[in-house]
$ cat upload-v8.txt   # compact mmCIF, C-alpha atoms
# COMPACT_ATOMS: atom_id res chain seq x y z
CA MET R 11 -77.52 -16.85 53.06
CA LYS R 12 -78.96 -17.55 49.60
CA GLN R 13 -76.64 -17.01 46.64
CA PHE R 14 -77.38 -16.34 42.97
CA THR R 15 -74.68 -17.69 40.66
CA LYS R 16 -75.71 -16.90 37.07
CA SER R 17 -74.29 -14.08 34.95
CA PHE R 18 -76.43 -11.00 34.24
CA THR R 19 -74.66 -10.48 30.92
CA GLN R 20 -74.99 -14.02 29.55
CA GLN R 21 -77.57 -14.14 26.78
CA GLU R 22 -79.09 -17.17 25.12
CA SER R 23 -77.24 -18.70 22.20
CA ILE R 24 -78.01 -17.57 18.68
CA PRO R 25 -80.62 -20.00 17.28
CA GLU R 26 -79.23 -22.89 15.26
CA ALA R 27 -81.00 -21.56 12.16
CA GLY R 28 -79.13 -18.27 12.60
CA ILE R 29 -75.79 -20.01 13.10
CA LYS R 30 -76.37 -22.06 9.93
CA ALA R 31 -77.41 -18.97 7.95
CA ALA R 32 -74.33 -17.08 9.19
CA ASN R 33 -72.08 -19.97 8.16
CA ASP R 34 -73.71 -20.02 4.74
CA VAL R 35 -73.02 -16.30 4.32
CA MET R 36 -69.40 -16.74 5.41
CA ARG R 37 -68.90 -19.55 2.93
CA THR R 38 -69.99 -17.25 0.11
CA GLY R 39 -67.63 -14.50 1.26
CA ARG R 40 -70.33 -11.99 0.26
CA LEU R 41 -70.93 -10.21 3.55
CA HIS R 42 -71.52 -6.74 2.10
CA ARG R 43 -75.24 -6.06 1.65
CA TYR R 44 -74.85 -4.97 -1.98
CA ASN R 45 -72.65 -7.91 -3.02
CA THR R 46 -75.48 -9.83 -4.67
CA LEU R 47 -76.07 -11.78 -7.84
CA PRO R 48 -78.52 -10.42 -10.43
CA ASP R 49 -82.12 -10.51 -9.10
CA GLU R 50 -80.91 -11.84 -5.72
CA LYS R 51 -82.08 -10.46 -2.39
CA SER R 52 -79.35 -10.40 0.23
CA GLU R 53 -79.87 -11.47 3.84
CA THR R 54 -80.05 -7.77 4.74
CA ASP R 55 -82.72 -7.18 2.10
CA LEU R 56 -84.77 -10.09 3.40
CA LEU R 57 -84.41 -8.90 6.98
CA GLU R 58 -85.64 -5.41 6.06
CA ILE R 59 -88.63 -6.85 4.21
CA GLU R 60 -89.50 -9.10 7.14
CA PHE R 61 -89.09 -6.34 9.73
CA ALA R 62 -91.27 -3.95 7.71
CA GLU R 63 -93.92 -6.67 7.50
CA TYR R 64 -93.66 -7.35 11.25
CA MET R 65 -94.13 -3.65 12.00
CA GLY R 66 -96.88 -3.18 9.42
CA LEU R 67 -94.95 -0.33 7.82
CA PRO R 68 -93.88 0.16 4.20
CA TYR R 69 -90.21 1.00 4.81
CA ALA R 70 -87.40 -0.40 6.94
CA LEU R 71 -83.64 0.14 6.90
CA ALA R 72 -81.11 -2.08 8.67
CA CYS R 73 -78.28 -0.10 10.26
CA SER R 74 -74.96 -0.70 11.97
CA SER R 75 -76.40 0.24 15.39
CA GLY R 76 -79.46 1.67 17.08
CA GLY R 77 -77.50 4.82 17.90
CA TYR R 78 -76.60 5.25 14.24
CA ALA R 79 -80.29 4.86 13.34
CA LEU R 80 -81.10 7.69 15.78
CA HIS R 81 -78.42 9.85 14.17
CA ILE R 82 -79.67 9.48 10.61
CA ALA R 83 -83.28 9.75 11.81
CA MET R 84 -82.46 13.26 12.93
CA ARG R 85 -80.84 14.06 9.61
CA ALA R 86 -83.58 12.46 7.52
CA ALA R 87 -86.21 14.36 9.50
CA GLY R 88 -84.58 17.63 8.49
CA VAL R 89 -83.20 18.64 11.88
CA GLU R 90 -80.69 21.47 11.52
CA ALA R 91 -78.07 22.99 13.79
CA GLY R 92 -79.66 25.02 16.55
CA ASP R 93 -83.08 23.38 16.31
CA LYS R 94 -84.67 22.45 19.61
CA VAL R 95 -85.58 18.80 20.17
CA LEU R 96 -87.77 17.66 23.06
CA CYS R 97 -86.30 14.61 24.78
CA ASN R 98 -86.66 12.52 27.95
CA ALA R 99 -84.35 13.52 30.79
CA PHE R 100 -84.50 9.86 31.91
CA THR R 101 -82.94 7.97 29.05
CA LEU R 102 -79.62 6.48 28.01
CA ALA R 103 -76.75 8.56 26.66
CA PRO R 104 -77.13 7.69 22.92
CA VAL R 105 -80.43 9.60 22.79
CA PRO R 106 -79.17 13.08 23.72
CA GLY R 107 -75.97 12.10 21.91
CA ALA R 108 -77.87 11.72 18.64
CA ILE R 109 -79.48 15.13 19.13
CA HIS R 110 -76.07 16.70 19.81
CA ASN R 111 -74.60 14.91 16.77
CA SER R 112 -77.11 16.71 14.56
CA GLY R 113 -76.17 20.10 16.02
CA ALA R 114 -79.56 20.45 17.66
CA VAL R 115 -80.30 21.43 21.25
CA PRO R 116 -81.98 18.94 23.64
CA VAL R 117 -84.91 20.25 25.66
CA LEU R 118 -85.07 17.80 28.56
CA ILE R 119 -88.46 16.68 29.89
CA ASP R 120 -89.04 15.42 33.44
CA VAL R 121 -89.77 11.82 34.33
CA ALA R 122 -93.04 10.82 36.03
CA ASP R 123 -93.59 8.40 38.90
CA ASP R 124 -94.30 5.58 36.45
CA TYR R 125 -90.80 6.06 34.91
CA CYS R 126 -92.33 7.35 31.67
CA ILE R 127 -91.92 10.86 30.33
CA ASP R 128 -93.91 13.44 32.32
CA LEU R 129 -96.73 14.41 29.98
CA ASP R 130 -97.62 17.64 31.77
CA ASP R 131 -94.01 18.81 31.53
CA LEU R 132 -93.92 17.68 27.89
CA GLU R 133 -96.94 19.79 27.02
CA ALA R 134 -95.62 22.81 28.91
CA LYS R 135 -92.22 22.67 27.22
CA ALA R 136 -93.72 21.95 23.80
CA ALA R 137 -95.70 25.17 24.18
CA ALA R 138 -92.85 27.24 25.60
CA SER R 139 -89.87 26.04 23.57
CA GLY R 140 -91.17 26.32 20.02
CA ALA R 141 -89.54 22.95 19.29
CA ARG R 142 -90.64 21.21 16.09
CA TYR R 143 -89.13 17.81 16.90
CA PHE R 144 -89.66 15.30 19.71
CA MET R 145 -87.41 12.29 20.31
CA LEU R 146 -89.41 10.03 22.64
CA SER R 147 -87.43 7.35 24.44
CA HIS R 148 -89.47 4.37 25.63
CA MET R 149 -86.91 4.07 28.40
CA ARG R 150 -86.31 0.57 29.78
CA GLY R 151 -89.45 -0.63 28.00
CA HIS R 152 -91.97 1.68 29.68
CA VAL R 153 -94.56 2.88 27.14
CA ALA R 154 -96.18 6.20 28.05
CA ASP R 155 -99.82 7.08 27.31
CA MET R 156 -99.47 7.23 23.54
CA ASP R 157 -103.00 8.57 23.09
CA ARG R 158 -102.10 11.74 24.97
CA ILE R 159 -98.64 11.93 23.40
CA MET R 160 -100.12 11.88 19.91
CA ALA R 161 -102.61 14.56 20.92
CA ILE R 162 -99.72 16.74 22.12
CA CYS R 163 -97.78 16.10 18.92
CA GLU R 164 -100.79 17.06 16.82
CA LYS R 165 -101.51 20.18 18.90
CA TYR R 166 -97.94 21.51 18.62
CA ASN R 167 -97.14 20.04 15.19
CA LEU R 168 -94.27 17.94 16.52
CA PHE R 169 -92.33 15.55 14.28
CA LEU R 170 -92.10 12.43 16.46
CA ILE R 171 -89.08 10.12 16.46
CA GLU R 172 -89.60 7.05 18.66
CA ASP R 173 -86.59 5.46 20.31
CA CYS R 174 -87.77 1.85 20.55
CA ALA R 175 -84.48 0.28 21.65
CA HIS R 176 -86.32 -1.32 24.61
CA THR R 177 -89.79 -1.80 23.09
CA MET R 178 -89.34 -4.02 20.04
CA GLY R 179 -92.43 -6.24 20.20
CA ALA R 180 -94.33 -3.98 22.61
CA SER R 181 -97.53 -2.07 21.88
CA TRP R 182 -100.01 0.44 23.26
CA ASN R 183 -103.71 -0.40 22.98
CA GLY R 184 -102.90 -2.98 20.30
CA ILE R 185 -100.79 -0.61 18.18
CA LYS R 186 -97.11 -1.53 17.90
CA SER R 187 -94.53 0.68 19.56
CA GLY R 188 -92.70 2.38 16.71
CA THR R 189 -95.76 2.89 14.51
CA PHE R 190 -97.10 6.02 16.24
CA GLY R 191 -94.40 8.46 15.21
CA ASP R 192 -92.95 9.72 11.96
CA ILE R 193 -89.77 7.66 12.41
CA ALA R 194 -88.86 4.84 14.78
CA CYS R 195 -85.44 3.48 15.67
CA PHE R 196 -84.65 0.06 17.11
CA SER R 197 -81.54 -1.64 18.46
CA THR R 198 -80.28 -5.21 17.99
CA GLN R 199 -77.36 -4.80 20.39
CA THR R 200 -76.69 -7.88 22.53
CA TYR R 201 -78.88 -6.82 25.47
CA LYS R 202 -81.92 -5.96 23.33
CA HIS R 203 -84.78 -8.18 22.16
CA ILE R 204 -82.95 -9.66 19.18
CA ASN R 205 -79.19 -9.94 19.22
CA SER R 206 -76.56 -9.29 16.55
CA GLY R 207 -73.96 -7.79 18.87
CA GLU R 208 -74.50 -4.38 17.30
CA GLY R 209 -77.18 -3.33 14.85
CA GLY R 210 -80.47 -1.55 14.48
CA PHE R 211 -83.40 -0.50 12.31
CA LEU R 212 -85.00 2.71 11.14
CA THR R 213 -88.64 2.54 10.07
CA THR R 214 -91.01 5.12 8.65
CA ARG R 215 -94.10 5.49 6.50
CA HIS R 216 -92.73 8.64 4.80
CA ALA R 217 -91.17 7.94 1.40
CA GLU R 218 -88.86 10.96 1.29
CA VAL R 219 -87.66 10.38 4.85
CA MET R 220 -86.71 6.80 4.00
CA ALA R 221 -85.02 7.86 0.76
CA ARG R 222 -82.83 10.28 2.70
CA ALA R 223 -82.12 7.66 5.39
CA ILE R 224 -81.04 5.12 2.76
CA MET R 225 -78.69 7.65 1.18
CA HIS R 226 -77.31 8.64 4.59
CA SER R 227 -76.76 4.97 5.45
CA GLY R 228 -74.21 4.58 2.66
CA SER R 229 -76.09 3.23 -0.34
CA TYR R 230 -73.99 5.24 -2.80
CA MET R 231 -76.18 5.03 -5.93
CA LEU R 232 -77.33 1.48 -5.18
CA PHE R 233 -80.64 2.58 -3.65
CA GLU R 234 -82.60 0.56 -6.22
CA ARG R 235 -81.29 -2.59 -4.51
CA HIS R 236 -83.43 -1.81 -1.45
CA PHE R 237 -86.78 -3.60 -1.43
CA ALA R 238 -88.43 -2.25 1.76
CA ALA R 239 -87.94 1.21 0.25
CA PRO R 240 -89.66 3.84 -1.88
CA PRO R 241 -89.57 3.64 -5.69
CA LYS R 242 -86.49 5.03 -7.46
CA GLU R 243 -88.37 8.17 -8.53
CA VAL R 244 -88.37 9.41 -4.92
CA PHE R 245 -84.56 9.40 -4.96
CA GLU R 246 -84.26 11.50 -8.11
CA GLN R 247 -83.23 14.74 -6.40
CA ILE R 248 -82.54 13.41 -2.90
CA ARG R 249 -79.56 11.38 -4.13
CA PHE R 250 -77.67 14.56 -5.02
CA GLU R 251 -78.48 16.42 -1.79
CA THR R 252 -77.92 13.77 0.88
CA PRO R 253 -74.45 13.07 2.34
CA ASN R 254 -73.18 9.54 2.95
CA TYR R 255 -72.68 8.71 6.65
CA SER R 256 -71.88 5.03 6.05
CA GLY R 257 -73.54 2.82 8.66
CA ARG R 258 -74.93 -0.19 6.82
CA MET R 259 -75.80 -3.53 8.34
CA ASP R 260 -73.96 -6.50 6.78
CA ASN R 261 -75.34 -9.85 5.67
CA LEU R 262 -73.70 -11.75 8.53
CA ARG R 263 -75.61 -9.85 11.20
CA ALA R 264 -78.80 -9.96 9.14
CA ALA R 265 -78.52 -13.76 8.84
CA ILE R 266 -78.20 -14.03 12.63
CA LEU R 267 -81.24 -11.80 13.18
CA ARG R 268 -83.82 -13.26 10.81
CA PRO R 269 -84.60 -16.42 12.84
CA GLN R 270 -84.74 -14.33 16.02
CA LEU R 271 -87.24 -11.93 14.46
CA ALA R 272 -89.41 -14.88 13.47
CA ASP R 273 -89.45 -15.99 17.12
CA LEU R 274 -89.69 -12.53 18.70
CA ASP R 275 -93.26 -12.70 20.00
CA THR R 276 -92.57 -15.99 21.79
CA GLN R 277 -89.45 -14.52 23.38
CA CYS R 278 -91.44 -11.48 24.52
CA GLN R 279 -93.87 -13.75 26.36
CA ARG R 280 -90.97 -15.51 28.08
CA TRP R 281 -89.56 -12.17 29.31
CA ASN R 282 -92.91 -11.07 30.63
CA THR R 283 -93.43 -14.33 32.52
CA ARG R 284 -90.16 -13.69 34.35
CA TYR R 285 -91.04 -10.06 34.97
CA ARG R 286 -94.40 -11.00 36.51
CA ILE R 287 -92.69 -13.36 38.98
CA LEU R 288 -90.45 -10.52 40.18
CA GLU R 289 -93.26 -7.97 40.10
CA GLN R 290 -95.47 -10.11 42.32
CA GLN R 291 -92.74 -10.48 44.93
CA PHE R 292 -91.92 -6.76 44.88
CA ASN R 293 -95.61 -5.91 45.33
CA ASN R 294 -95.57 -8.01 48.49
CA CYS R 295 -92.47 -6.26 49.86
CA PRO R 296 -93.40 -3.09 51.79
CA ALA R 297 -90.00 -1.45 51.23
CA ILE R 298 -90.29 -1.66 47.42
CA HIS R 299 -92.43 0.42 45.09
CA ILE R 300 -93.04 -0.87 41.58
CA PRO R 301 -95.52 1.02 39.37
CA SER R 302 -98.52 -0.89 38.07
CA ARG R 303 -98.53 -1.18 34.29
CA PRO R 304 -101.59 0.24 32.44
CA ALA R 305 -103.95 -2.24 30.77
CA LYS R 306 -103.30 -0.56 27.41
CA GLU R 307 -99.55 -1.21 27.68
CA GLN R 308 -98.45 -4.53 26.19
CA PHE R 309 -94.85 -4.32 27.36
CA VAL R 310 -91.74 -6.44 26.82
CA ALA R 311 -89.89 -6.59 30.11
CA SER R 312 -86.31 -7.63 29.43
CA SER R 313 -85.41 -5.63 32.54
CA ILE R 314 -87.19 -4.52 35.69
CA GLN R 315 -87.15 -1.19 37.55
CA PHE R 316 -88.26 -0.49 41.10
CA SER R 317 -87.93 2.25 43.67
CA LEU R 318 -87.04 2.38 47.35
CA PRO R 319 -88.95 5.54 48.34
CA GLY R 320 -88.17 5.48 52.05
CA PHE R 321 -84.45 4.84 51.65
CA SER R 322 -81.57 7.29 51.96
CA THR R 323 -78.70 7.34 49.46
CA GLU R 324 -76.55 5.43 51.95
CA GLN R 325 -79.22 2.74 52.38
CA ILE R 326 -79.63 2.35 48.60
CA LEU R 327 -75.89 1.91 48.19
CA GLN R 328 -76.04 -0.75 50.92
CA VAL R 329 -78.85 -2.54 49.05
CA VAL R 330 -76.76 -2.54 45.87
CA ALA R 331 -73.67 -3.76 47.71
CA GLN R 332 -75.40 -6.48 49.72
CA CYS R 333 -77.32 -7.78 46.71
CA ASN R 334 -74.05 -7.84 44.77
CA GLU R 335 -72.46 -9.94 47.55
CA GLN R 336 -75.22 -12.48 46.94
CA GLY R 337 -74.70 -12.42 43.18
CA VAL R 338 -77.54 -10.04 42.28
CA VAL R 339 -76.44 -7.14 40.05
CA LEU R 340 -78.50 -3.98 40.48
CA LYS R 341 -77.85 -0.63 38.81
CA TRP R 342 -78.71 2.69 40.43
CA PHE R 343 -79.86 5.51 38.18
CA GLY R 344 -79.48 8.17 40.87
CA ASP R 345 -75.69 8.18 41.07
CA SER R 346 -74.09 11.55 40.31
CA GLU R 347 -71.24 9.68 38.59
CA PRO R 348 -72.02 7.72 35.38
CA LYS R 349 -71.46 3.97 35.80
CA ASP R 350 -71.83 1.17 33.28
CA TYR R 351 -74.88 1.98 31.12
CA THR R 352 -76.46 4.34 33.67
CA SER R 353 -76.04 8.11 33.69
CA ARG R 354 -78.05 10.97 35.13
CA TYR R 355 -78.99 13.83 32.81
CA ASP R 356 -76.65 16.32 34.53
CA SER R 357 -73.62 14.21 33.59
CA TRP R 358 -74.13 15.12 29.90
CA HIS R 359 -71.96 18.23 30.16
CA TYR R 360 -72.07 18.93 26.41
CA ILE R 361 -75.66 20.18 26.84
CA GLU R 362 -75.51 23.95 27.08
CA ALA R 363 -77.67 25.72 29.67
CA MET R 364 -78.23 22.51 31.63
CA PRO R 365 -81.68 22.70 33.26
CA GLN R 366 -82.46 21.94 36.87
CA LEU R 367 -84.94 19.05 37.08
CA PRO R 368 -85.55 18.36 40.79
CA GLN R 369 -88.42 15.96 40.05
CA THR R 370 -86.21 13.82 37.82
CA GLU R 371 -83.40 13.88 40.36
CA LYS R 372 -85.80 12.89 43.15
CA ILE R 373 -87.25 9.94 41.21
CA LEU R 374 -83.89 8.69 39.92
CA SER R 375 -82.39 8.97 43.41
CA LYS R 376 -84.59 6.04 44.48
CA LEU R 377 -84.60 4.04 41.23
CA LEU R 378 -82.92 0.66 40.75
CA ASP R 379 -82.67 -1.43 37.59
CA MET R 380 -81.99 -5.10 36.89
CA ARG R 381 -81.61 -7.02 33.65
CA ILE R 382 -83.68 -10.18 33.11
CA PRO R 383 -81.81 -12.27 30.52
CA LEU R 384 -83.66 -15.30 29.19
CA THR R 385 -80.85 -17.49 30.49
CA PHE R 386 -82.60 -16.99 33.86
CA SER R 387 -85.27 -19.59 34.56
CA GLU R 388 -88.55 -18.85 36.28
CA ALA R 389 -87.08 -20.42 39.44
CA ASP R 390 -84.09 -18.10 39.11
CA CYS R 391 -86.43 -15.11 39.06
CA GLN R 392 -88.15 -16.40 42.19
CA LEU R 393 -84.77 -16.61 43.92
CA LEU R 394 -83.75 -13.13 42.72
CA GLY R 395 -86.94 -11.65 44.11
CA GLU R 396 -86.43 -13.38 47.44
CA ILE R 397 -82.89 -12.06 47.78
CA ILE R 398 -83.81 -8.49 46.85
CA CYS R 399 -86.83 -8.42 49.14
CA LYS R 400 -84.91 -9.85 52.08
CA VAL R 401 -82.03 -7.38 51.66
CA THR R 402 -84.33 -4.36 51.39
CA GLU R 403 -86.43 -5.46 54.35
CA SER R 404 -83.31 -5.88 56.47
CA LEU R 405 -82.13 -2.34 55.70
CA LYS R 406 -85.35 -0.32 55.87
$ encode --input "upload-v8.txt" --output "structure tokens"
Amino acid sequence: MKQFTKSFTQQESIPEAGIKAANDVMRTGRLHRYNTLPDEKSETDLLEIEFAEYMGLPYALACSSGGYALHIAMRAAGVEAGDKVLCNAFTLAPVPGAIHNSGAVPVLIDVADDYCIDLDDLEAKAAASGARYFMLSHMRGHVADMDRIMAICEKYNLFLIEDCAHTMGASWNGIKSGTFGDIACFSTQTYKHINSGEGGFLTTRHAEVMARAIMHSGSYMLFERHFAAPPKEVFEQIRFETPNYSGRMDNLRAAILRPQLADLDTQCQRWNTRYRILEQQFNNCPAIHIPSRPAKEQFVASSIQFSLPGFSTEQILQVVAQCNEQGVVLKWFGDSEPKDYTSRYDSWHYIEAMPQLPQTEKILSKLLDMRIPLTFSEADCQLLGEIICKVTESLK
């Protein structure tokens, strides 16, 4: 019986340039983003400038986490208690958590067979709910048809916040994920596309939105020290009206991230090479269904999702268990009990008037997920595919 022996949580080392830059920051003792010399740009300032340039947007803010970026995105957008916010039912817990944190009410949208948000359900609930805000999660790196999404947003005048925790470096029809909406939020947590342990970004093209986000992030009255930011005139009234929810990124994490950002596109290609090896094997395994990716979607596949449509719950649990015995760690999104990073929408008990979403439950009941860290070689991915296919074939 073949055995896989590598860890699914072991990431690649921080690049040597990042380690050196972090050591340089530590030697100065000036880790706080605003602890700078006159006319000096901190590591955090430089990271924000470089990320804004990478995204092709005027404004970027480095935050303490991606979840924190989602929180202040809601606040900066003007969401108030009781407002309805459209949101994927298939997402990770920080997304509805950010909506709840703002006092708003999530309106959960079904998932489609391609694991993206169901666009028919989105349009129906946009029309029926009267919601003015839409937090779109590009869950596990799957980019929905952004042409239709933008048409829906325009038709119903929706303020779009993109959760790009899994799509940094991805695009739709040549347009970067995170540049469609009014605000985008990114994560630099260890299992994302660049790694600072915890961290994130908020980007926007709206000057007043960014001014509020900077004030929320904990700038005090040091907003003029931000360079990927609006001019000081935009802050004139906002600075008095916007509460401080301190969640800044520090120079140590920024120093670690800058070399990774410079190499992001190369890393994205490496992930996709590994994904394609697994995808090809799954396509040749009759028991496994894996959706084809649209030609317009330039994805970044740091994980892979697949379904076992003909399997019962008991069979899926056997697949997970037998793969685990051979060293292959799979996560099941259909479990009624939250485990690890997975949770089904009906486990978020803080949502009042929990909807019934039988389509989402049906799709998630068959859905498995696996990380693809870059510490796995192409040969490793070949072996992983062989193990998964053999286990599923033996149990169908």
$ closest_residue --input "upload-v8.txt" --among "R:Glu164, R:Asp273, R:Asp123, R:Asp192" --to "Gly28 (chain R)" --atoms "all atoms listed in the file"
R:Asp273
$ residues_around --input "upload-v8.txt" --residues "Ile361 (chain R)" --least-positions-apart "4" --cutoff "10 Å" --atoms "only C-alpha atoms" --output "list of chain:residue names"
R:Pro106, R:Gly107, R:Ile109, R:His110, R:Ala114, R:Val115, R:Pro116, R:Val117, R:Leu118, R:Tyr355, R:Asp356, R:Ser357, R:Pro365
$ atom_distance --input "upload-v8.txt" --atom1 "CA of Gly209 (chain R)" --atom2 "CA of Gly257 (chain R)"
9.5 Å
$ residues_around --input "upload-v8.txt" --residues "Ala136 (chain R)" --least-positions-apart "5" --cutoff "9 Å" --atoms "all atoms listed in the file" --output "MDAnalysis selection string"
chainID R and resid 96 131 141:142 144 162:163 166 168
$ residues_around --input "upload-v8.txt" --residues "Gly77 (chain R)" --least-positions-apart "3" --cutoff "8 Å" --atoms "all atoms listed in the file" --output "list of chain:residue names"
R:Leu80, R:His81, R:Pro104, R:Val105, R:Ala108, R:Ser197, R:Gly210
$ residues_around --input "upload-v8.txt" --residues "region 17-26 of chain R" --least-positions-apart "6" --cutoff "10 Å" --atoms "all atoms listed in the file" --output "list in words"
Ala32, Thr200, Tyr201, Lys202, Ile204, Asn205, Ser206, Ile266, Leu267, Arg268, Pro269, Gln270, Asp273, Gly337, Val338, Val339, Leu340, Met380, Arg381, Ile382, Pro383, Leu384, Thr385 and Phe386 of chain R
$ residues_around --input "upload-v8.txt" --residues "Val329 (chain R)" --least-positions-apart "5" --cutoff "8 Å" --atoms "all atoms listed in the file" --output "list in words"
Val401, Thr402 and Leu405 of chain R
$ atom_distance --input "upload-v8.txt" --atom1 "CA of Gly344 (chain R)" --atom2 "CA of Phe292 (chain R)"
19.8 Å
$ closest_residue --input "upload-v8.txt" --among "R:Leu170, R:Ala297, R:Val310, R:Ala31" --to "Arg284 (chain R)" --atoms "all atoms listed in the file"
R:Val310
$ atom_distance --input "upload-v8.txt" --atom1 "CA of Tyr125 (chain R)" --atom2 "CA of Val153 (chain R)"
9.2 Å
$ closest_residue --input "upload-v8.txt" --among "R:Ala311, R:Ala79, R:Leu146, R:Ala70" --to "Glu289 (chain R)" --atoms "only C-alpha atoms"
R:Ala311
$ closest_residue --input "upload-v8.txt" --among "R:Gln308, R:Ser256, R:Ser229, R:Ser375" --to "Asp275 (chain R)" --atoms "all atoms listed in the file"
R:Gln308
$ closest_residue --input "upload-v8.txt" --among "R:Tyr230, R:Ala265, R:Phe237, R:Pro348" --to "Glu50 (chain R)" --atoms "all atoms listed in the file"
R:Phe237
$ closest_residue --input "upload-v8.txt" --among "R:Phe211, R:Tyr255, R:Tyr351, R:Phe196" --to "Leu57 (chain R)" --atoms "only C-alpha atoms"
R:Phe211
$ residues_near_point --input "upload-v8.txt" --point "(-78.6, 13.0, 41.7)" --cutoff "8 Å" --atoms "only C-alpha atoms" --output "list in words"
Gly344, Asp345, Ser346, Arg354, Glu371, Lys372, Leu374 and Ser375 of chain R
